[in-house]
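So this block is data.csv, CSV, N, CA and C atoms:
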```
chain,number,residue,atom,x,y,z
A,150,MET,N,48.3,40.9,51.6
A,150,MET,CA,47.3,40.7,52.6
A,150,MET,C,47.9,39.9,53.8
A,151,GLU,N,47.4,40.1,54.9
A,151,GLU,CA,47.9,39.5,56.1
A,151,GLU,C,46.7,38.8,56.8
A,152,LEU,N,47.0,37.5,57.2
A,152,LEU,CA,46.0,36.7,58.0
A,152,LEU,C,46.5,36.5,59.4
A,153,LEU,N,45.7,36.9,60.4
A,153,LEU,CA,46.1,36.7,61.8
A,153,LEU,C,45.7,35.3,62.1
A,154,ILE,N,46.7,34.5,62.6
A,154,ILE,CA,46.4,33.1,62.9
A,154,ILE,C,46.5,32.9,64.4
A,155,ASN,N,45.4,32.5,65.0
A,155,ASN,CA,45.5,32.2,66.5
A,155,ASN,C,44.3,31.2,66.7
A,156,ASP,N,44.3,30.7,67.9
A,156,ASP,CA,43.3,29.6,68.2
A,156,ASP,C,41.8,30.1,68.2
A,157,LYS,N,41.6,31.4,68.4
A,157,LYS,CA,40.2,31.9,68.4
A,157,LYS,C,39.6,32.2,67.1
A,158,VAL,N,40.4,32.4,66.1
A,158,VAL,CA,39.9,32.8,64.7
A,158,VAL,C,39.2,31.5,64.2
A,159,THR,N,38.1,31.8,63.5
A,159,THR,CA,37.4,30.7,62.9
A,159,THR,C,37.8,30.5,61.4
A,160,ILE,N,37.6,29.3,60.9
A,160,ILE,CA,37.9,29.0,59.5
A,160,ILE,C,37.1,30.0,58.6
A,161,LYS,N,35.9,30.2,58.9
A,161,LYS,CA,35.1,31.1,58.1
A,161,LYS,C,35.7,32.5,58.0
A,162,GLU,N,36.2,33.0,59.1
A,162,GLU,CA,36.9,34.3,59.1
A,162,GLU,C,38.1,34.3,58.2
A,163,LEU,N,38.9,33.3,58.2
A,163,LEU,CA,40.0,33.2,57.3
A,163,LEU,C,39.6,33.1,55.9
A,164,GLN,N,38.6,32.3,55.6
A,164,GLN,CA,38.1,32.1,54.3
A,164,GLN,C,37.5,33.4,53.7
A,165,GLN,N,36.8,34.2,54.5
A,165,GLN,CA,36.3,35.5,54.0
A,165,GLN,C,37.4,36.4,53.7
A,166,GLN,N,38.4,36.5,54.5
A,166,GLN,CA,39.5,37.4,54.3
A,166,GLN,C,40.3,37.0,53.0
A,167,PHE,N,40.5,35.7,52.9
A,167,PHE,CA,41.2,35.2,51.7
A,167,PHE,C,40.4,35.5,50.4
A,168,SER,N,39.2,35.2,50.5
A,168,SER,CA,38.3,35.3,49.3
A,168,SER,C,38.1,36.8,48.9
A,169,ALA,N,38.2,37.7,49.9
A,169,ALA,CA,38.1,39.1,49.6
A,169,ALA,C,39.2,39.6,48.7
A,170,GLU,N,40.4,38.9,48.9
A,170,GLU,CA,41.6,39.2,48.0
A,170,GLU,C,41.6,38.4,46.7
A,171,PHE,N,41.2,37.2,46.9
A,171,PHE,CA,41.2,36.2,45.7
A,171,PHE,C,39.8,35.7,45.6
A,172,PRO,N,38.9,36.4,44.9
A,172,PRO,CA,37.5,36.0,44.9
A,172,PRO,C,37.2,34.7,44.1
A,173,PHE,N,38.1,34.2,43.3
A,173,PHE,CA,37.9,33.0,42.5
A,173,PHE,C,38.6,31.8,43.1
A,174,LEU,N,39.1,32.0,44.4
A,174,LEU,CA,39.8,30.9,45.1
A,174,LEU,C,39.2,30.8,46.5
A,175,LYS,N,39.3,29.6,47.1
A,175,LYS,CA,38.9,29.5,48.5
A,175,LYS,C,39.8,28.5,49.2
A,176,LEU,N,39.9,28.7,50.5
A,176,LEU,CA,40.7,27.8,51.3
A,176,LEU,C,39.8,26.9,52.1
A,177,GLU,N,40.2,25.6,52.1
A,177,GLU,CA,39.5,24.6,52.9
A,177,GLU,C,40.5,24.0,53.9
A,178,PHE,N,40.0,23.6,55.0
A,178,PHE,CA,40.9,23.0,56.1
A,178,PHE,C,40.5,21.6,56.4
A,179,PHE,N,41.5,20.7,56.6
A,179,PHE,CA,41.3,19.3,56.8
A,179,PHE,C,41.8,18.8,58.1
A,180,ASP,N,41.3,17.6,58.5
A,180,ASP,CA,41.7,17.0,59.8
A,180,ASP,C,42.8,15.9,59.6
A,181,ILE,N,43.3,15.8,58.4
A,181,ILE,CA,44.5,14.9,58.1
A,181,ILE,C,45.6,15.7,57.5
A,182,ALA,N,46.8,15.1,57.6
A,182,ALA,CA,48.0,15.8,57.0
A,182,ALA,C,47.9,15.9,55.5
A,183,PRO,N,48.4,17.0,55.0
A,183,PRO,CA,48.4,17.3,53.6
A,183,PRO,C,49.1,16.2,52.8
A,184,THR,N,48.6,16.0,51.5
A,184,THR,CA,49.2,15.1,50.6
A,184,THR,C,49.5,15.8,49.3
A,185,PHE,N,50.2,15.1,48.4
A,185,PHE,CA,50.5,15.7,47.1
A,185,PHE,C,49.3,15.5,46.1
A,186,ASP,N,48.4,14.6,46.4
A,186,ASP,CA,47.3,14.3,45.4
A,186,ASP,C,45.9,14.7,45.9
A,187,GLY,N,45.9,15.7,46.8
A,187,GLY,CA,44.6,16.2,47.3
A,187,GLY,C,44.1,15.5,48.5
A,188,LEU,N,43.1,16.0,49.1
A,188,LEU,CA,42.5,15.6,50.4
A,188,LEU,C,41.1,15.2,50.2
A,189,PRO,N,40.6,14.1,50.8
A,189,PRO,CA,39.2,13.8,50.7
A,189,PRO,C,38.3,14.7,51.4
A,190,LYS,N,37.2,15.1,50.7
A,190,LYS,CA,36.2,16.1,51.3
A,190,LYS,C,35.6,15.6,52.6
A,191,SER,N,35.6,14.3,52.8
A,191,SER,CA,35.1,13.7,54.0
A,191,SER,C,35.9,14.1,55.2
A,192,HIS,N,37.1,14.6,55.0
A,192,HIS,CA,38.0,15.1,56.1
A,192,HIS,C,38.0,16.6,56.2
A,193,MET,N,37.1,17.3,55.5
A,193,MET,CA,37.1,18.8,55.6
A,193,MET,C,36.4,19.2,56.8
A,194,TYR,N,37.0,20.2,57.5
A,194,TYR,CA,36.4,20.8,58.7
A,194,TYR,C,35.2,21.7,58.3
A,195,PRO,N,34.2,21.8,59.1
A,195,PRO,CA,33.1,22.8,58.8
A,195,PRO,C,33.7,24.2,59.1
A,196,ASN,N,33.2,25.2,58.5
A,196,ASN,CA,33.8,26.5,58.6
A,196,ASN,C,33.5,27.3,59.9
A,197,HIS,N,32.6,26.7,60.7
A,197,HIS,CA,32.3,27.4,62.0
A,197,HIS,C,33.4,27.1,63.1
A,198,LYS,N,34.2,26.1,62.8
A,198,LYS,CA,35.2,25.7,63.8
A,198,LYS,C,36.3,26.7,64.0
A,199,ALA,N,36.7,26.9,65.3
A,199,ALA,CA,37.9,27.8,65.6
A,199,ALA,C,39.1,27.0,65.3
A,200,LEU,N,40.2,27.8,64.9
A,200,LEU,CA,41.4,27.1,64.5
A,200,LEU,C,42.1,26.3,65.6
A,201,GLY,N,41.8,26.7,66.9
A,201,GLY,CA,42.3,26.0,68.0
A,201,GLY,C,41.9,24.5,68.0
A,202,ASN,N,40.8,24.2,67.4
A,202,ASN,CA,40.2,22.9,67.3
A,202,ASN,C,40.7,22.1,66.1
A,203,CYS,N,41.5,22.8,65.3
A,203,CYS,CA,41.8,22.2,64.0
A,203,CYS,C,43.3,22.0,63.7
A,204,ARG,N,44.1,22.5,64.6
A,204,ARG,CA,45.6,22.5,64.3
A,204,ARG,C,46.4,21.7,65.2
A,205,ARG,N,47.6,21.3,64.7
A,205,ARG,CA,48.5,20.5,65.5
A,205,ARG,C,49.5,21.3,66.3
A,206,MET,N,49.9,22.5,65.7
A,206,MET,CA,50.8,23.4,66.4
A,206,MET,C,50.0,24.7,66.7
A,207,HIS,N,50.2,25.2,67.9
A,207,HIS,CA,49.4,26.4,68.3
A,207,HIS,C,50.2,27.7,68.3
A,208,ASN,N,51.1,27.8,67.3
A,208,ASN,CA,51.8,29.1,67.1
A,208,ASN,C,50.8,30.2,66.7
A,209,GLU,N,51.0,31.4,67.3
A,209,GLU,CA,50.2,32.5,66.8
A,209,GLU,C,51.1,33.3,65.9
A,210,GLY,N,50.5,34.0,65.0
A,210,GLY,CA,51.3,34.9,64.1
A,210,GLY,C,50.5,35.4,63.0
A,211,VAL,N,51.2,36.1,62.1
A,211,VAL,CA,50.6,36.7,60.9
A,211,VAL,C,51.1,36.0,59.7
A,212,LEU,N,50.3,35.6,58.9
A,212,LEU,CA,50.7,35.0,57.6
A,212,LEU,C,50.5,36.0,56.5
A,213,GLU,N,51.7,36.4,55.9
A,213,GLU,CA,51.6,37.3,54.8
A,213,GLU,C,51.5,36.6,53.5
A,214,ILE,N,50.4,37.0,52.8
A,214,ILE,CA,50.1,36.3,51.5
A,214,ILE,C,50.2,37.4,50.4
A,215,THR,N,50.9,37.0,49.4
A,215,THR,CA,51.1,37.9,48.2
A,215,THR,C,50.5,37.3,47.0
A,216,PRO,N,50.1,38.0,46.0
A,216,PRO,CA,49.6,37.5,44.7
A,216,PRO,C,50.6,36.6,44.0
A,217,GLY,N,51.9,36.9,44.2
A,217,GLY,CA,53.0,36.1,43.6
A,217,GLY,C,53.4,34.9,44.3
A,218,MET,N,52.7,34.6,45.4
A,218,MET,CA,53.1,33.4,46.2
A,218,MET,C,52.5,32.1,45.5
A,219,PRO,N,53.3,31.1,45.3
A,219,PRO,CA,52.7,29.8,44.7
A,219,PRO,C,51.8,29.2,45.7
A,220,VAL,N,50.8,28.5,45.2
A,220,VAL,CA,49.8,27.8,46.1
A,220,VAL,C,50.5,26.8,47.0
A,221,GLN,N,51.5,26.1,46.4
A,221,GLN,CA,52.2,25.1,47.2
A,221,GLN,C,52.9,25.7,48.4
A,222,LYS,N,53.5,26.9,48.3
A,222,LYS,CA,54.2,27.6,49.4
A,222,LYS,C,53.1,28.0,50.4
A,223,LEU,N,52.0,28.5,50.0
A,223,LEU,CA,50.9,28.9,51.0
A,223,LEU,C,50.5,27.7,51.8
A,224,GLU,N,50.2,26.6,51.1
A,224,GLU,CA,49.8,25.4,51.8
A,224,GLU,C,50.9,24.8,52.8
A,225,GLU,N,52.1,24.8,52.3
A,225,GLU,CA,53.2,24.4,53.1
A,225,GLU,C,53.4,25.3,54.4
A,226,THR,N,53.2,26.6,54.2
A,226,THR,CA,53.4,27.5,55.3
A,226,THR,C,52.3,27.3,56.4
A,227,PHE,N,51.1,27.1,55.9
A,227,PHE,CA,50.0,26.8,56.9
A,227,PHE,C,50.3,25.5,57.7
A,228,TRP,N,50.9,24.5,57.0
A,228,TRP,CA,51.2,23.2,57.7
A,228,TRP,C,52.4,23.4,58.6
A,229,ASN,N,53.5,23.9,58.0
A,229,ASN,CA,54.8,23.9,58.7
A,229,ASN,C,54.9,24.9,59.9
A,230,VAL,N,54.2,26.0,59.7
A,230,VAL,CA,54.2,27.1,60.7
A,230,VAL,C,53.1,27.0,61.7
A,231,PHE,N,51.9,26.7,61.2
A,231,PHE,CA,50.7,26.8,62.1
A,231,PHE,C,50.0,25.4,62.3
A,232,GLY,N,50.5,24.3,61.7
A,232,GLY,CA,49.9,23.0,61.9
A,232,GLY,C,48.5,22.9,61.3
A,233,LEU,N,48.2,23.6,60.2
A,233,LEU,CA,46.9,23.6,59.6
A,233,LEU,C,47.0,22.9,58.2
A,234,SER,N,46.3,21.9,58.0
A,234,SER,CA,46.2,21.2,56.7
A,234,SER,C,45.2,21.9,55.8
A,235,THR,N,45.7,22.5,54.7
A,235,THR,CA,44.8,23.3,53.9
A,235,THR,C,44.9,22.9,52.4
A,236,GLU,N,43.9,23.3,51.7
A,236,GLU,CA,43.9,23.0,50.2
A,236,GLU,C,43.3,24.3,49.6
A,237,VAL,N,43.9,24.8,48.5
A,237,VAL,CA,43.3,25.9,47.8
A,237,VAL,C,42.4,25.3,46.7
A,238,PHE,N,41.2,25.8,46.5
A,238,PHE,CA,40.3,25.4,45.5
A,238,PHE,C,40.1,26.6,44.5
A,239,ARG,N,39.9,26.3,43.3
A,239,ARG,CA,39.7,27.4,42.3
A,239,ARG,C,38.3,27.2,41.7
A,240,LYS,N,37.6,28.3,41.5
A,240,LYS,CA,36.3,28.3,40.9
A,240,LYS,C,36.4,28.0,39.4
A,241,SER,N,35.6,27.1,38.9
A,241,SER,CA,35.5,26.8,37.5
A,241,SER,C,34.0,26.7,37.1
A,242,GLY,N,33.5,27.8,36.6
A,242,GLY,CA,32.0,27.8,36.4
A,242,GLY,C,31.3,27.7,37.7
A,243,ASN,N,30.5,26.7,37.9
A,243,ASN,CA,29.7,26.5,39.1
A,243,ASN,C,30.4,25.5,40.1
A,244,LEU,N,31.6,25.1,39.7
A,244,LEU,CA,32.3,24.1,40.5
A,244,LEU,C,33.5,24.7,41.2
A,245,TRP,N,34.0,24.0,42.3
A,245,TRP,CA,35.2,24.4,42.9
A,245,TRP,C,36.1,23.2,42.8
A,246,ILE,N,37.3,23.4,42.1
A,246,ILE,CA,38.2,22.3,41.9
A,246,ILE,C,39.5,22.5,42.7
A,247,GLU,N,40.1,21.3,43.1
A,247,GLU,CA,41.4,21.4,43.8
A,247,GLU,C,42.4,21.8,42.8
A,248,THR,N,43.4,22.5,43.4
A,248,THR,CA,44.5,23.0,42.5
A,248,THR,C,45.8,22.1,42.6
A,249,THR,N,45.6,20.9,43.0
A,249,THR,CA,46.7,20.0,43.3
A,249,THR,C,47.6,19.8,42.0
A,250,LEU,N,47.1,19.8,40.8
A,250,LEU,CA,47.9,19.7,39.6
A,250,LEU,C,48.6,21.0,39.2
A,251,SER,N,48.1,22.1,39.8
A,251,SER,CA,48.7,23.4,39.4
A,251,SER,C,49.2,24.1,40.7
A,252,ASP,N,49.6,23.4,41.7
A,252,ASP,CA,50.1,24.0,42.9
A,252,ASP,C,51.3,24.9,42.7
A,253,SER,N,52.0,24.7,41.6
A,253,SER,CA,53.2,25.6,41.4
A,253,SER,C,52.8,27.0,40.8
A,254,TRP,N,51.5,27.1,40.4
A,254,TRP,CA,51.1,28.4,40.0
A,254,TRP,C,50.9,29.4,41.1
A,255,THR,N,51.1,30.7,40.8
A,255,THR,CA,50.9,31.7,41.8
A,255,THR,C,49.4,31.8,42.1
A,256,LEU,N,49.1,32.4,43.3
A,256,LEU,CA,47.7,32.7,43.6
A,256,LEU,C,47.0,33.6,42.6
A,257,LYS,N,47.8,34.6,42.1
A,257,LYS,CA,47.2,35.5,41.1
A,257,LYS,C,46.9,34.7,39.8
A,258,ARG,N,47.7,33.8,39.4
A,258,ARG,CA,47.4,33.1,38.2
A,258,ARG,C,46.2,32.2,38.4
A,259,GLN,N,46.2,31.5,39.6
A,259,GLN,CA,45.0,30.7,39.9
A,259,GLN,C,43.7,31.5,39.9
A,260,ASN,N,43.8,32.7,40.5
A,260,ASN,CA,42.6,33.5,40.6
A,260,ASN,C,42.2,34.0,39.2
A,261,ASP,N,43.2,34.4,38.4
A,261,ASP,CA,42.9,34.8,37.0
A,261,ASP,C,42.3,33.7,36.2
A,262,GLU,N,42.8,32.5,36.4
A,262,GLU,CA,42.2,31.3,35.7
A,262,GLU,C,40.8,31.1,36.1
A,263,GLY,N,40.5,31.2,37.4
A,263,GLY,CA,39.2,31.0,37.9
A,263,GLY,C,38.2,32.1,37.3
A,264,ARG,N,38.7,33.3,37.2
A,264,ARG,CA,37.9,34.4,36.7
A,264,ARG,C,37.5,34.1,35.2
A,265,THR,N,38.5,33.6,34.5
A,265,THR,CA,38.3,33.3,33.0
A,265,THR,C,37.2,32.2,32.9
A,266,PHE,N,37.2,31.2,33.7
A,266,PHE,CA,36.3,30.1,33.5
A,266,PHE,C,35.0,30.3,34.3
A,267,SER,N,34.9,31.4,35.0
A,267,SER,CA,33.7,31.6,35.8
A,267,SER,C,32.9,32.8,35.5
A,268,THR,N,33.5,33.7,34.6
A,268,THR,CA,32.8,34.9,34.2
A,268,THR,C,32.1,34.7,32.9
A,269,PRO,N,30.8,34.9,32.9
A,269,PRO,CA,30.0,34.7,31.6
A,269,PRO,C,30.6,35.6,30.5
A,270,LYS,N,30.7,35.0,29.4
A,270,LYS,CA,31.2,35.8,28.2
A,270,LYS,C,30.0,36.6,27.6
A,271,PRO,N,30.3,37.8,27.1
A,271,PRO,CA,29.1,38.5,26.5
A,271,PRO,C,28.6,37.8,25.3
A,272,ALA,N,27.4,37.9,25.0
A,272,ALA,CA,26.8,37.3,23.9
A,272,ALA,C,27.4,37.9,22.6
A,273,LYS,N,27.7,37.0,21.7
A,273,LYS,CA,28.3,37.5,20.4
A,273,LYS,C,27.2,38.1,19.6
A,274,GLU,N,27.4,39.3,19.2
A,274,GLU,CA,26.4,40.0,18.3
A,274,GLU,C,26.5,39.4,16.9
A,275,GLU,N,25.4,39.1,16.3
A,275,GLU,CA,25.3,38.7,15.0
A,275,GLU,C,25.4,39.9,14.0
A,276,GLU,N,26.1,39.7,12.9
A,276,GLU,CA,26.2,40.8,12.0
A,276,GLU,C,24.9,40.9,11.2
A,277,PRO,N,24.5,42.1,11.0
A,277,PRO,CA,23.2,42.3,10.2
A,277,PRO,C,23.3,41.6,8.9
A,278,GLU,N,22.2,41.1,8.4
A,278,GLU,CA,22.2,40.5,7.1
A,278,GLU,C,22.4,41.5,6.0
A,279,ASP,N,23.1,41.0,5.0
A,279,ASP,CA,23.4,41.8,3.8
A,279,ASP,C,22.3,41.7,2.8
A,280,PRO,N,21.5,42.7,2.6
A,280,PRO,CA,20.3,42.6,1.7
A,280,PRO,C,20.8,42.3,0.3
A,281,LEU,N,22.0,42.4,-0.1
A,281,LEU,CA,22.5,42.1,-1.4
A,281,LEU,C,23.0,40.7,-1.6
A,282,ASP,N,23.0,40.0,-0.5
A,282,ASP,CA,23.5,38.6,-0.5
A,282,ASP,C,22.5,37.7,-1.2
A,283,ARG,N,22.7,37.5,-2.5
A,283,ARG,CA,21.7,36.8,-3.4
A,283,ARG,C,21.6,35.3,-3.1
A,284,ASP,N,22.7,34.8,-2.4
A,284,ASP,CA,22.7,33.3,-2.0
A,284,ASP,C,21.5,33.0,-1.0
A,285,LYS,N,21.1,34.0,-0.3
A,285,LYS,CA,20.1,33.8,0.7
A,285,LYS,C,18.7,34.0,0.1
A,286,TRP,N,18.6,34.5,-1.1
A,286,TRP,CA,17.3,34.7,-1.7
A,286,TRP,C,16.7,33.4,-2.2
A,287,GLN,N,15.6,33.0,-1.8
A,287,GLN,CA,15.1,31.7,-2.3
A,287,GLN,C,13.6,31.9,-2.7
```

As structure tokens:
Amino acid sequence: MELLINDKVTIKELQQQFSAEFPFLKLEFFDIAPTFDGLPKSHMYPNHKALGNCRRMHNEGVLEITPGMPVQKLEETFWNVFGLSTEVFRKSGNLWIETTLSDSWTLKRQNDEGRTFSTPKPAKEEEPEDPLDRDKWQ
């Protein structure tokens, strides 16, 4: 997948494109430099903002994202090439969790993990009772 990065694109547009490819992941953008231990939600940009209002470098270009790309590489590229502080979140049930402890995982692995913990498991069918099971006769 390719994301066009320029000052007019909104965060929401990037998030929608990213989530179309990785439905159990989401990108969030922050107004402070990235750290190794996550970013406080109080510094998260609202998704209606244009990238021009959110970044430190105003390079335009296309960011190519592959399923085999590690999360850490994606976040570093956003920062080093486009001046955007980002964090990838993974869906876990009804929650979105930061991937800081698993940034070395690929986007595919993160997405697969999110799918595993967010997709309801089918109800386990009970086996029919054995009419000859005398232990149940009382």

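Here the question is which of A:Leu188, A:Lys198, A:Lys161, A:Phe173 gets nearest to Gly242 of chain A using only C-alpha atoms, and that residue is A:Phe173.
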
Problem - Residue list (alpha helix (DSSP H), DSSP) for chain A, as a ChimeraX atom specification - result: /A:160-170,220-231,256-267

Can you spit out the residues from that selection as an mmCIF file, in the coordinates of the input, using N, CA and C atoms?
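Written out: part-v3.cif:
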```cif
data_model
loop_
_atom_site.group_PDB
_atom_site.id
_atom_site.type_symbol
_atom_site.label_atom_id
_atom_site.label_comp_id
_atom_site.auth_asym_id
_atom_site.auth_seq_id
_atom_site.Cartn_x
_atom_site.Cartn_y
_atom_site.Cartn_z
ATOM 1 N N ILE A 160 37.600 29.300 60.900
ATOM 2 C CA ILE A 160 37.900 29.000 59.500
ATOM 3 C C ILE A 160 37.100 30.000 58.600
ATOM 4 N N LYS A 161 35.900 30.200 58.900
ATOM 5 C CA LYS A 161 35.100 31.100 58.100
ATOM 6 C C LYS A 161 35.700 32.500 58.000
ATOM 7 N N GLU A 162 36.200 33.000 59.100
ATOM 8 C CA GLU A 162 36.900 34.300 59.100
ATOM 9 C C GLU A 162 38.100 34.300 58.200
ATOM 10 N N LEU A 163 38.900 33.300 58.200
ATOM 11 C CA LEU A 163 40.000 33.200 57.300
ATOM 12 C C LEU A 163 39.600 33.100 55.900
ATOM 13 N N GLN A 164 38.600 32.300 55.600
ATOM 14 C CA GLN A 164 38.100 32.100 54.300
ATOM 15 C C GLN A 164 37.500 33.400 53.700
ATOM 16 N N GLN A 165 36.800 34.200 54.500
ATOM 17 C CA GLN A 165 36.300 35.500 54.000
ATOM 18 C C GLN A 165 37.400 36.400 53.700
ATOM 19 N N GLN A 166 38.400 36.500 54.500
ATOM 20 C CA GLN A 166 39.500 37.400 54.300
ATOM 21 C C GLN A 166 40.300 37.000 53.000
ATOM 22 N N PHE A 167 40.500 35.700 52.900
ATOM 23 C CA PHE A 167 41.200 35.200 51.700
ATOM 24 C C PHE A 167 40.400 35.500 50.400
ATOM 25 N N SER A 168 39.200 35.200 50.500
ATOM 26 C CA SER A 168 38.300 35.300 49.300
ATOM 27 C C SER A 168 38.100 36.800 48.900
ATOM 28 N N ALA A 169 38.200 37.700 49.900
ATOM 29 C CA ALA A 169 38.100 39.100 49.600
ATOM 30 C C ALA A 169 39.200 39.600 48.700
ATOM 31 N N GLU A 170 40.400 38.900 48.900
ATOM 32 C CA GLU A 170 41.600 39.200 48.000
ATOM 33 C C GLU A 170 41.600 38.400 46.700
ATOM 34 N N VAL A 220 50.800 28.500 45.200
ATOM 35 C CA VAL A 220 49.800 27.800 46.100
ATOM 36 C C VAL A 220 50.500 26.800 47.000
ATOM 37 N N GLN A 221 51.500 26.100 46.400
ATOM 38 C CA GLN A 221 52.200 25.100 47.200
ATOM 39 C C GLN A 221 52.900 25.700 48.400
ATOM 40 N N LYS A 222 53.500 26.900 48.300
ATOM 41 C CA LYS A 222 54.200 27.600 49.400
ATOM 42 C C LYS A 222 53.100 28.000 50.400
ATOM 43 N N LEU A 223 52.000 28.500 50.000
ATOM 44 C CA LEU A 223 50.900 28.900 51.000
ATOM 45 C C LEU A 223 50.500 27.700 51.800
ATOM 46 N N GLU A 224 50.200 26.600 51.100
ATOM 47 C CA GLU A 224 49.800 25.400 51.800
ATOM 48 C C GLU A 224 50.900 24.800 52.800
ATOM 49 N N GLU A 225 52.100 24.800 52.300
ATOM 50 C CA GLU A 225 53.200 24.400 53.100
ATOM 51 C C GLU A 225 53.400 25.300 54.400
ATOM 52 N N THR A 226 53.200 26.600 54.200
ATOM 53 C CA THR A 226 53.400 27.500 55.300
ATOM 54 C C THR A 226 52.300 27.300 56.400
ATOM 55 N N PHE A 227 51.100 27.100 55.900
ATOM 56 C CA PHE A 227 50.000 26.800 56.900
ATOM 57 C C PHE A 227 50.300 25.500 57.700
ATOM 58 N N TRP A 228 50.900 24.500 57.000
ATOM 59 C CA TRP A 228 51.200 23.200 57.700
ATOM 60 C C TRP A 228 52.400 23.400 58.600
ATOM 61 N N ASN A 229 53.500 23.900 58.000
ATOM 62 C CA ASN A 229 54.800 23.900 58.700
ATOM 63 C C ASN A 229 54.900 24.900 59.900
ATOM 64 N N VAL A 230 54.200 26.000 59.700
ATOM 65 C CA VAL A 230 54.200 27.100 60.700
ATOM 66 C C VAL A 230 53.100 27.000 61.700
ATOM 67 N N PHE A 231 51.900 26.700 61.200
ATOM 68 C CA PHE A 231 50.700 26.800 62.100
ATOM 69 C C PHE A 231 50.000 25.400 62.300
ATOM 70 N N LEU A 256 49.100 32.400 43.300
ATOM 71 C CA LEU A 256 47.700 32.700 43.600
ATOM 72 C C LEU A 256 47.000 33.600 42.600
ATOM 73 N N LYS A 257 47.800 34.600 42.100
ATOM 74 C CA LYS A 257 47.200 35.500 41.100
ATOM 75 C C LYS A 257 46.900 34.700 39.800
ATOM 76 N N ARG A 258 47.700 33.800 39.400
ATOM 77 C CA ARG A 258 47.400 33.100 38.200
ATOM 78 C C ARG A 258 46.200 32.200 38.400
ATOM 79 N N GLN A 259 46.200 31.500 39.600
ATOM 80 C CA GLN A 259 45.000 30.700 39.900
ATOM 81 C C GLN A 259 43.700 31.500 39.900
ATOM 82 N N ASN A 260 43.800 32.700 40.500
ATOM 83 C CA ASN A 260 42.600 33.500 40.600
ATOM 84 C C ASN A 260 42.200 34.000 39.200
ATOM 85 N N ASP A 261 43.200 34.400 38.400
ATOM 86 C CA ASP A 261 42.900 34.800 37.000
ATOM 87 C C ASP A 261 42.300 33.700 36.200
ATOM 88 N N GLU A 262 42.800 32.500 36.400
ATOM 89 C CA GLU A 262 42.200 31.300 35.700
ATOM 90 C C GLU A 262 40.800 31.100 36.100
ATOM 91 N N GLY A 263 40.500 31.200 37.400
ATOM 92 C CA GLY A 263 39.200 31.000 37.900
ATOM 93 C C GLY A 263 38.200 32.100 37.300
ATOM 94 N N ARG A 264 38.700 33.300 37.200
ATOM 95 C CA ARG A 264 37.900 34.400 36.700
ATOM 96 C C ARG A 264 37.500 34.100 35.200
ATOM 97 N N THR A 265 38.500 33.600 34.500
ATOM 98 C CA THR A 265 38.300 33.300 33.000
ATOM 99 C C THR A 265 37.200 32.200 32.900
ATOM 100 N N PHE A 266 37.200 31.200 33.700
ATOM 101 C CA PHE A 266 36.300 30.100 33.500
ATOM 102 C C PHE A 266 35.000 30.300 34.300
ATOM 103 N N SER A 267 34.900 31.400 35.000
ATOM 104 C CA SER A 267 33.700 31.600 35.800
ATOM 105 C C SER A 267 32.900 32.800 35.500
#
```

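Ranking A:Gly232, A:Gly263, A:Gly210, A:Pro216 by their shortest atom-to-atom distance to Leu153 of chain A, with only N, CA and C atoms included, puts A:Gly210 first.
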
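Going from atom N of Leu233 of chain A over to atom C of Thr249 of chain A, you cover 18.6 Å.
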
Completion exercise
Among A:Gln221, A:Asn155, A:Gln259, A:Thr268, Asn202 of chain A is approached most closely, using only N, CA and C atoms, by A:Asn155

Handout entry: Long-range neighbours of Ser241 of chain A as a PyMOL selection string, 9 Å cut-off, only C-alpha atoms, 3 positions minimum in chain
Key = chain A and resi 173+244-246+262-267

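Comparing A:Leu223, A:Ile181, A:Leu176, A:Ile214 by their smallest distance to Glu236 of chain A, the closest is A:Leu176 (using only N, CA and C atoms).
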
Please produce, as a Markdown table, a per-residue contact table for segment 150-207 of chain A versus segment 228-231 of chain A (criterion: any atom at most 9 Å away, only C-alpha atoms considered), showing the nearest atom pair and its distance in Å to one decimal, sorted by chain then residue number.
```
| residue | atom | partner | partner_atom | distance |
| --- | --- | --- | --- | --- |
| A:Ile154 | CA | A:Phe231 | CA | 7.7 |
| A:Asn155 | CA | A:Phe231 | CA | 8.7 |
| A:Ala182 | CA | A:Trp228 | CA | 8.1 |
| A:Pro183 | CA | A:Trp228 | CA | 7.7 |
| A:Arg204 | CA | A:Phe231 | CA | 7.0 |
| A:Arg205 | CA | A:Phe231 | CA | 7.5 |
| A:Met206 | CA | A:Phe231 | CA | 5.5 |
| A:His207 | CA | A:Phe231 | CA | 6.3 |
```

Let's have the selection written as a JSON list (two decimals), in the coordinates of the input, with N, CA and C atoms.
```
[["chain", "number", "residue", "atom", "x", "y", "z"],
["A", 154, "ILE", "N", 46.70, 34.50, 62.60],
["A", 154, "ILE", "CA", 46.40, 33.10, 62.90],
["A", 154, "ILE", "C", 46.50, 32.90, 64.40],
["A", 155, "ASN", "N", 45.40, 32.50, 65.00],
["A", 155, "ASN", "CA", 45.50, 32.20, 66.50],
["A", 155, "ASN", "C", 44.30, 31.20, 66.70],
["A", 182, "ALA", "N", 46.80, 15.10, 57.60],
["A", 182, "ALA", "CA", 48.00, 15.80, 57.00],
["A", 182, "ALA", "C", 47.90, 15.90, 55.50],
["A", 183, "PRO", "N", 48.40, 17.00, 55.00],
["A", 183, "PRO", "CA", 48.40, 17.30, 53.60],
["A", 183, "PRO", "C", 49.10, 16.20, 52.80],
["A", 204, "ARG", "N", 44.10, 22.50, 64.60],
["A", 204, "ARG", "CA", 45.60, 22.50, 64.30],
["A", 204, "ARG", "C", 46.40, 21.70, 65.20],
["A", 205, "ARG", "N", 47.60, 21.30, 64.70],
["A", 205, "ARG", "CA", 48.50, 20.50, 65.50],
["A", 205, "ARG", "C", 49.50, 21.30, 66.30],
["A", 206, "MET", "N", 49.90, 22.50, 65.70],
["A", 206, "MET", "CA", 50.80, 23.40, 66.40],
["A", 206, "MET", "C", 50.00, 24.70, 66.70],
["A", 207, "HIS", "N", 50.20, 25.20, 67.90],
["A", 207, "HIS", "CA", 49.40, 26.40, 68.30],
["A", 207, "HIS", "C", 50.20, 27.70, 68.30]]
```
